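Please read the structure below before turning to the comments.
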Amino acid sequence: MIDFKNEIGKLVSKNFENLNEDTITELLEIPPNYDLGDYAMPCFRLAKELRKSPNIIAQEIAESIKGDTLFEKIENVGPYVNFFIDKKQLAKTVLEEVINRKEEFGSANIGNDRNVIVEFSSPNIAKPFHIGHIRTTVIGQSLYKIYKFLGFNAIAINHLGDYGTQFGKLIVAFKAWGKTEEVENNPIPELLKLYIKFHEEAEKDSSLEDEARMWFSKLENGDEEAVGLWQWMREVSLKEFSRVYNMLNIQFDSYAGESFYSDKMPKVVQTLKAKGLLTESEGAQIVDLEAYKMPPALIKKSDGSTLYITRDIAAAIYRKETYDFYKNIYVVGSQQNLHFQQWFKVVELMGYNWVKDCVHVPFGMVSLEEGTMSTRKGRVVFLEDVLKNAVDKTKEIINDKNPNLENKDEIAKQVGIGAVVFQELFNSRIKDYTFSWERTLSFEGETGPYVQYTHARANSVLSKAEYDVTADVDYSLITNEEAINVIRLLYSFQSTIIAAMEKNEPSFIARHIVDIAQAFNKFYHECPIIVEDKELQKARLLIVFSAATAIKVGLGLLGIEAPQKM
RNA sequence: GUACCCAUAGCUCAGUAGGAUAGAGCAACGGCCUUCUAAGCCGUGUGUCCGGGGUUCGAAUCCCUGUGGGUACGCCA
């Protein structure tokens with residue numbers, strides 16, 4: 001595609017020797033509305049250097065450029081120079097790009113096949129997969145897809161919470177009150193019951209906590225009974241999780257969870273000791289971080305067993321050795337900000353300069369209307385229930401609006417789950433929010449189903465017209481504002497995807513495809529597409545095809561399906 | 001107590017690297033299906049951009065400060 005910013009840079013610098021292309025393109029911005037052009041160049045900052053008023057500079061620049069074919073108009077308004085792109089040129093460059101690239105539209109080879117690890121989802125074994133896990137799961141999946149789309153070799157890692165004192169607790173609880181058959185039949189809920197019971201009983205009898213620590217210690221030392229029970233719990237839990245992953249269509253390249261690193265930790269402790277970073281404090285082994293205004297990092301408990309932070313360090317080192325990552329991304333809630341800061345600092349102190357490539361991508365908390373979620377208190381909303389409810393609601397809507405639709409169940413699944421995922425990805429990561437059924441199950445306005453609906457509608461037109469993609473189009477027929485607005489959004493599609501990658505923010509893409517859908521729907525209402533004039537029809541169908549393609553690609557990057565009909 | 005995060009319309013939120021009149025969706029009300037999918041489109045209204053300073057030609061955006069809310073701070077993850 002033509003890079004219009006660069007073209008403006010060339011045009012202006014040609015006439016003004018003391019302005020080079022880069023300073024011009026850096027100044028360029030997109031005006032508040034299209035009446036003021038496609039690009040604007042504010043001249044305030046040039047005023048000092050050129051010793052003229054911004055208005056005069058803008059006037060001189062505007063007057064110096066005459067008769068360029070890429071721009072239909074270049075005008076001066078006060079201190080701004082406004083550039084209006086020639087509509088035919090814009091339509092041609094954008095629509096030809098879509099034709100040439102189809103569902104690769106928007107992709108780019110920025111990554112050069114370098115490895116980017118995305119760690120996400122990472123639920124705790126033996127605990128329910130609840131609504132609090134949705135953000136990491138869905139944001140992680142989307143980032144994984146975005147990096148791939150931009151030419152990186154993305155690696156999805158599910159860092160399962162399959163280790164730690166909690167397993168000591170579960171083993172104690174299972175041995176005391178559990179029944180194998182009940183757990184086999186209904187693993188997560190039964191294990192959760194045991195976990196809750198443990199905490200209730202431990203309040204009365206604190207020796208249970210010690211017993212739990214002892215069992216975890218046994219597990220770490222390879223005690224046969226402990227390892228056997230642990231393996232069994234891990235297996236039945238994973239089977240449950242995979243149901244949700246299948247619904248969301250998520251695959252992982254690795255399930256190397258915390259337990260995977262258990263034999264890699266002694267070396268970390270050794271290195272820390274060798275580098276003189278480890279000190280003893282209250283019987284535990286710590287790395288003092290006071291010089292960096294942080295609380296100390298606990299490496300080993302007083303009973304000798306390890307902690308979360310030690311495992312994360314071991315995992316990072318292992319990943320560097322195994323994948324030689326370009327970036328190592330952790331999609332983990334903002335509650336763990338300090339934890340990441342601490343262990344990043346420890347790794348830095350160990351002398352590993354690749355720590356700069358480790359990125360914590362935090363996100364805000366999900367709470368319930370009743371208050372914060374608590375597994376121990378059993379106050380949770382299961383993710384599977386949310387997805388199922390959304391699918392059921394979608395089925396009702398389909399029966400109401402489009403009862404003759406084929407594959408109702410499949411489409412209800414795509415739309416219902418799409419609605420939940422989209423809602424999750426539409427807002428900035430960092431914001432906290434309260435889960436609400438009403439909002440999750442609303443399908444109008446800025447929602448997944450709205451975008452999917454727009455895609456299906458576009459497809460319906462294409463199939464009615466028996467459209468064949470062709471570049472043999474008279475682009476000068478594309479003149480109306482509604483059509484051009486769609487094309488403008490398609491033009492900025494790729495830069496939006498790149499920004500989403502740079503900021504690790506899938507919501508950029510979600511918002512952009514809503515914009516495309518809105519612009520398309522206006523176009524759809526204003527301009528009849530299947531018309532007498534076949535040349536005009538061809539041009540408009542190409543816009544329909546292009547908008548549908550971009551929406552499909554965008555939804556794909558969010559991990560959402562784009563059904564042909566709905 | 002200390003650190004970090006958040007604060008924009010009745011509600012949920014956008015607002016690119018500081019730039020021209022601060023925008024969407026929802027909710028409310030009123031229109032539009034004999035024509036390409038009405039999960040749609042069009043119209044109507046609302047803002048001390050949390051308060052106060054500062055930097056700047058220019059601040060919702062950057063800095064300082066206060067307020068309100070959230071999170072985290074040694075043997076959980």
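Just remember, in the structure tokens the first chain shown is A, the second B, etc., residues are 1-based per chain, and ligands are 1-based in the order shown.
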
Determine, counting only C-alpha atoms (C1' of nucleotides), which protein, DNA and RNA residues have an atom within 10 Å of an atom of range 50-65 of chain B; residues of the same chain fewer than 5 positions away are not included. Present the result as a PyMOL selection string.
(chain A and resi 44-45+47+54) or (chain B and resi 7-8+15+18-19+22)

List as a PyMOL selection string the protein and nucleic acid residues near C13 in chain B, meaning an atom at most 10 Å away when only C-alpha atoms (C1' of nucleotides) are counted, but skip any in the same chain fewer than 5 places from it.
(chain A and resi 426-428+431) or (chain B and resi 8+24-25)

Those selected residues, please, written with N, CA, C and O atoms (P, O5', C5', C4', C3', O3' and C1' of nucleotides) and delivered as a compact mmCIF listing (two decimals), in the first residue's frame.
# COMPACT_ATOMS: atom_id res chain seq x y z
N PHE A 426 -12.54 -6.11 24.71
CA PHE A 426 -12.93 -4.82 24.17
C PHE A 426 -12.37 -3.65 24.98
O PHE A 426 -12.03 -2.61 24.44
N ASN A 427 -12.25 -3.84 26.28
CA ASN A 427 -11.74 -2.76 27.12
C ASN A 427 -10.26 -2.92 27.42
O ASN A 427 -9.70 -4.01 27.29
N SER A 428 -9.64 -1.82 27.83
CA SER A 428 -8.22 -1.88 28.18
C SER A 428 -8.00 -2.95 29.23
O SER A 428 -8.79 -3.09 30.15
N LYS A 431 -8.06 -2.17 33.33
CA LYS A 431 -9.23 -1.79 34.12
C LYS A 431 -9.82 -2.98 34.89
O LYS A 431 -9.99 -4.05 34.34
P U B 8 -14.54 8.58 35.72
O5' U B 8 -14.17 9.61 34.58
C5' U B 8 -14.29 11.01 34.82
C4' U B 8 -14.57 11.71 33.52
C3' U B 8 -15.77 11.20 32.75
O3' U B 8 -16.99 11.74 33.25
C1' U B 8 -13.96 11.36 31.28
P A B 24 -19.97 10.33 18.20
O5' A B 24 -19.67 8.78 18.32
C5' A B 24 -20.47 8.00 19.15
C4' A B 24 -19.88 6.64 19.25
C3' A B 24 -20.87 5.67 19.84
O3' A B 24 -21.61 5.07 18.80
C1' A B 24 -18.89 5.64 21.14
P G B 25 -23.20 4.92 18.97
O5' G B 25 -23.29 3.72 20.02
C5' G B 25 -22.83 2.43 19.65
C4' G B 25 -22.74 1.57 20.89
C3' G B 25 -24.00 1.52 21.73
O3' G B 25 -24.92 0.58 21.22
C1' G B 25 -22.15 1.93 23.12

Assign secondary structure with DSSP using the backbone only, and return the residues of range 494-539 of chain A in helix (DSSP H, G or I) as a PyMOL selection string.
chain A and resi 494-502+507-526+534-539

Would you put the residues from that selection into a file with C-alpha atoms, as a PDB file, in the first residue's frame?
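Result saved to result_36.pdb:
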ATOM      1  CA  GLN A 494      -2.372  -3.041   9.780  1.00  0.00           C
ATOM      2  CA  SER A 495      -0.990  -0.207  11.861  1.00  0.00           C
ATOM      3  CA  THR A 496      -3.663  -0.991  14.452  1.00  0.00           C
ATOM      4  CA  ILE A 497      -2.515  -4.599  14.625  1.00  0.00           C
ATOM      5  CA  ILE A 498       1.087  -3.512  15.011  1.00  0.00           C
ATOM      6  CA  ALA A 499       0.128  -1.099  17.784  1.00  0.00           C
ATOM      7  CA  ALA A 500      -1.791  -3.912  19.489  1.00  0.00           C
ATOM      8  CA  MET A 501       1.389  -5.988  19.429  1.00  0.00           C
ATOM      9  CA  GLU A 502       3.635  -3.194  20.668  1.00  0.00           C
ATOM     10  CA  SER A 507      -8.509  -4.170  22.618  1.00  0.00           C
ATOM     11  CA  PHE A 508      -7.028  -1.977  19.884  1.00  0.00           C
ATOM     12  CA  ILE A 509      -8.095  -4.585  17.361  1.00  0.00           C
ATOM     13  CA  ALA A 510     -11.488  -5.176  18.965  1.00  0.00           C
ATOM     14  CA  ARG A 511     -12.215  -1.453  18.794  1.00  0.00           C
ATOM     15  CA  HIS A 512     -10.980  -1.163  15.258  1.00  0.00           C
ATOM     16  CA  ILE A 513     -13.232  -3.907  13.921  1.00  0.00           C
ATOM     17  CA  VAL A 514     -16.192  -2.321  15.690  1.00  0.00           C
ATOM     18  CA  ASP A 515     -15.314   0.882  13.837  1.00  0.00           C
ATOM     19  CA  ILE A 516     -15.144  -1.036  10.569  1.00  0.00           C
ATOM     20  CA  ALA A 517     -18.482  -2.696  11.300  1.00  0.00           C
ATOM     21  CA  GLN A 518     -20.114   0.655  12.095  1.00  0.00           C
ATOM     22  CA  ALA A 519     -18.728   2.252   8.953  1.00  0.00           C
ATOM     23  CA  PHE A 520     -19.771  -0.747   6.901  1.00  0.00           C
ATOM     24  CA  ASN A 521     -23.322  -0.713   8.232  1.00  0.00           C
ATOM     25  CA  LYS A 522     -23.666   2.954   7.346  1.00  0.00           C
ATOM     26  CA  PHE A 523     -22.354   2.209   3.871  1.00  0.00           C
ATOM     27  CA  TYR A 524     -24.724  -0.745   3.593  1.00  0.00           C
ATOM     28  CA  HIS A 525     -27.717   1.409   4.438  1.00  0.00           C
ATOM     29  CA  GLU A 526     -26.748   4.350   2.289  1.00  0.00           C
ATOM     30  CA  LYS A 534     -22.565  -3.526 -13.175  1.00  0.00           C
ATOM     31  CA  GLU A 535     -19.355  -1.514 -12.977  1.00  0.00           C
ATOM     32  CA  LEU A 536     -20.619   0.289  -9.909  1.00  0.00           C
ATOM     33  CA  GLN A 537     -21.785  -2.999  -8.435  1.00  0.00           C
ATOM     34  CA  LYS A 538     -18.341  -4.513  -8.950  1.00  0.00           C
ATOM     35  CA  ALA A 539     -16.693  -1.623  -7.140  1.00  0.00           C
TER      36      ALA A 539
END

Could you list, as a compact mmCIF listing (two decimals) with C-alpha atoms (C1' of nucleotides), in the first residue's frame, every residue within 10 Å of C4 in chain B, counting only C-alpha atoms (C1' of nucleotides) and ignoring same-chain residues fewer than 2 positions away?
# COMPACT_ATOMS: atom_id res chain seq x y z
CA SER A 334 -1.90 -6.86 38.18
CA GLN A 335 -2.03 -8.19 41.75
CA ASN A 337 3.05 -6.61 39.86
CA LEU A 338 5.40 -6.64 42.81
C1' U B 71 -4.15 -3.99 44.62
C1' A B 72 0.30 -5.59 46.87

Dump as number ranges by chain the residues of chain A that approach chain B to within 8 Å, counting only C-alpha atoms (C1' of nucleotides).
A: 31-32, 42, 44, 161, 164-166, 284, 295-298, 300-302, 308, 334-338, 427, 431, 443-446, 449-450, 453, 456-457, 460-461, 464, 521-522, 525, 528-530

Pick out each residue of range 96-337 of chain A that DSSP on the backbone tags as strand (DSSP E or B); I need them as number ranges by chain.
A: 115-119, 124, 130, 153-157, 161, 254, 278-281, 284-287, 297-300, 306, 327-331

With only C-alpha atoms as the basis for distance, which of A:Asp253, A:Glu505, A:Glu190, A:Asp22 is at the shortest distance from Phe363 in chain A?
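Answer, going by the shortest atom-to-atom distance: A:Glu505.
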
Can you list every residue of range 112-167 of chain A that has an atom at most 9 Å from range 256-259 of chain A, with its nearest atom pair and the distance in Å to one decimal, using only C-alpha atoms, ordered by chain then number, as a Markdown table?
| residue | atom | partner | partner_atom | distance |
| --- | --- | --- | --- | --- |
| A:Ser122 | CA | A:Gly257 | CA | 7.7 |
| A:Ile157 | CA | A:Ala256 | CA | 7.1 |
| A:Asn158 | CA | A:Gly257 | CA | 6.6 |
| A:His159 | CA | A:Gly257 | CA | 4.0 |
| A:Leu160 | CA | A:Gly257 | CA | 4.1 |
| A:Gly161 | CA | A:Glu258 | CA | 5.9 |
| A:Asp162 | CA | A:Glu258 | CA | 5.8 |
| A:Tyr163 | CA | A:Ser259 | CA | 5.3 |
| A:Gly164 | CA | A:Glu258 | CA | 8.3 |

Set the distance at 12 Å and use only C-alpha atoms (C1' of nucleotides): which residues neighbour Lys264 in chain A once local chain neighbours fewer than 2 positions away are removed? I'd like the list as a list in words.
Glu220, Glu258, Ser259, Phe260, Tyr261, Ser262, Pro266, Lys267, Val268, Val269, Gln270, Thr271, Thr306, Thr310, Arg311, Asp312, Ile313, Ala314, Ala315, Ala316, Ile317, Tyr318 and Arg319 of chain A
